[in-house]
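Below you'll find the structure, written out as structure tokens, and then a few comments.
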Amino acid sequence: MEQEEFKKNLGRMQALCSRSEKCKADIRMKLGRNGIPEKDIVEILDKLQEEGFIDEQRYAGAFVRDKFRLQGWGPVKIANMLKNKRIPDKIITAALREIGDSQVQKILKNCLIKKSASIKDSDPLKRRAKLTRYALGRGYTYAQIYQALKQLQ
């Protein structure tokens with residue numbers, strides 16, 4: 001790739017990273033869609049990381065906070081999404097430590113209360129099963145769901 005073309009792509013990615021947190025996988029996908037050769041993608045990623053535009057730890061922390069607080073996702077779903085973006089397990093674990101068990105229970109209970117209002121079934125076992133499936137889909141563990149349902153009764 002020409003030096004001029006390289007600088008143009010680097011500038012575009014710097015601007016993109018300045019607007020919102022991005023991880024290496026996001027940038028790699030974006031550049032790959034534009035037909036940039038792998039060698040140049042690696043150079044751009046190295047330069048972005050060197051200049052502080054990309055930081056996997058910072059990205060994971062922001063991702064966890066956003067998905068947990070804004071969308072009510074559980075730790076399991078958040079961890080799986082970060083794994084899909086090739087974030088190392090050590091970083092995922094550290095980022096998930098930011099959310100405490102009490103916060104998880106509070107968000108989960110709110111989600112279950114909202115969902116419970118929309119369930120028409122009056123049979124308590126069926127209601128409980130539907131709420132459990134819903135919470136599992138949101139990314140919570142059985143232990144967290146059991147505890148929250150017990151507190152709601």
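Labels for the structure tokens follow display order: chains A, B, ..., residues from 1 in each chain, ligands from 1.
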**Request:** Name all residues at most 7 Å from region 63-74 of chain A (count only C-alpha atoms; drop same-chain ones fewer than 2 positions away) and give them as a VMD selection string.
**Result:** chain A and resid 59 to 61 76 to 78 95 to 96 107 138 to 140
Would you tabulate, counting only C-alpha atoms, all residues of region 91-148 of chain A that have an atom at most 12 Å from an atom of region 51-56 of chain A, showing the closest pair of atoms and their distance in Å to one decimal, sorted by chain then ascending number, as CSV?
residue,atom,partner,partner_atom,distance
A:Ile91,CA,A:Glu56,CA,7.6
A:Ile92,CA,A:Glu56,CA,9.4
A:Ala94,CA,A:Glu56,CA,11.4
A:Ala95,CA,A:Glu56,CA,10.3
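Each of A:Leu48, A:Gln105, A:Gln151, A:Glu38 was compared to Leu16 (chain A) using only C-alpha atoms, and A:Leu48 turns out to be the nearest.
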**Item:** Residues near Gly32 (chain A), cut-off 12 Å, only C-alpha atoms, skip fewer than 6 positions along chain, as a ChimeraX atom specification
**Value:** /A:9,24-26,38-42,44
**Message:** as an NGL selection string, please: every residue in chain A that DSSP puts in alpha helix (DSSP H).
**Reply:** :A and (3-19 or 24-33 or 38-50 or 56-71 or 75-84 or 89-96 or 101-118 or 124-138 or 142-152)
**Prompt:** How far is it from CA of Gln147 (chain A) to CA of Leu82 (chain A), in Å with one decimal?
**Reply:**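 The value is 25.7 Å.
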**Request:** Grab the CA of Lys114 (chain A) to CA of Thr141 (chain A) distance for me, in Å with one decimal place.
**Result:**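 Result for CA of Lys114 (chain A) versus CA of Thr141 (chain A): 18.6 Å, one decimal.
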**Request:** To one decimal in Å, tell me the separation between CA of Lys115 (chain A) and CA of Arg127 (chain A).
**Result:**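 Between CA of Lys115 (chain A) and CA of Arg127 (chain A) the gap is 9.9 Å.
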**Prompt:** Quick one: of A:Asp123, A:Leu112, A:Lys130, A:Pro37, who's nearest to Lys150 (chain A), counting only C-alpha atoms?
**Reply:**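 Comparing A:Asp123, A:Leu112, A:Lys130, A:Pro37 against Lys150 (chain A), the winner is A:Leu112.
Residue neighbourhood of Lys7 (chain A), excluding near-sequence residues (fewer than 3 positions): Met1, Glu2, Gln3, Glu4, Leu10, Gly11, Arg12, Met13, Gln14, Asp40, Ile41, Glu43, Ile44, Lys47 and Leu48 of chain A, at 12 Å, using only C-alpha atoms.
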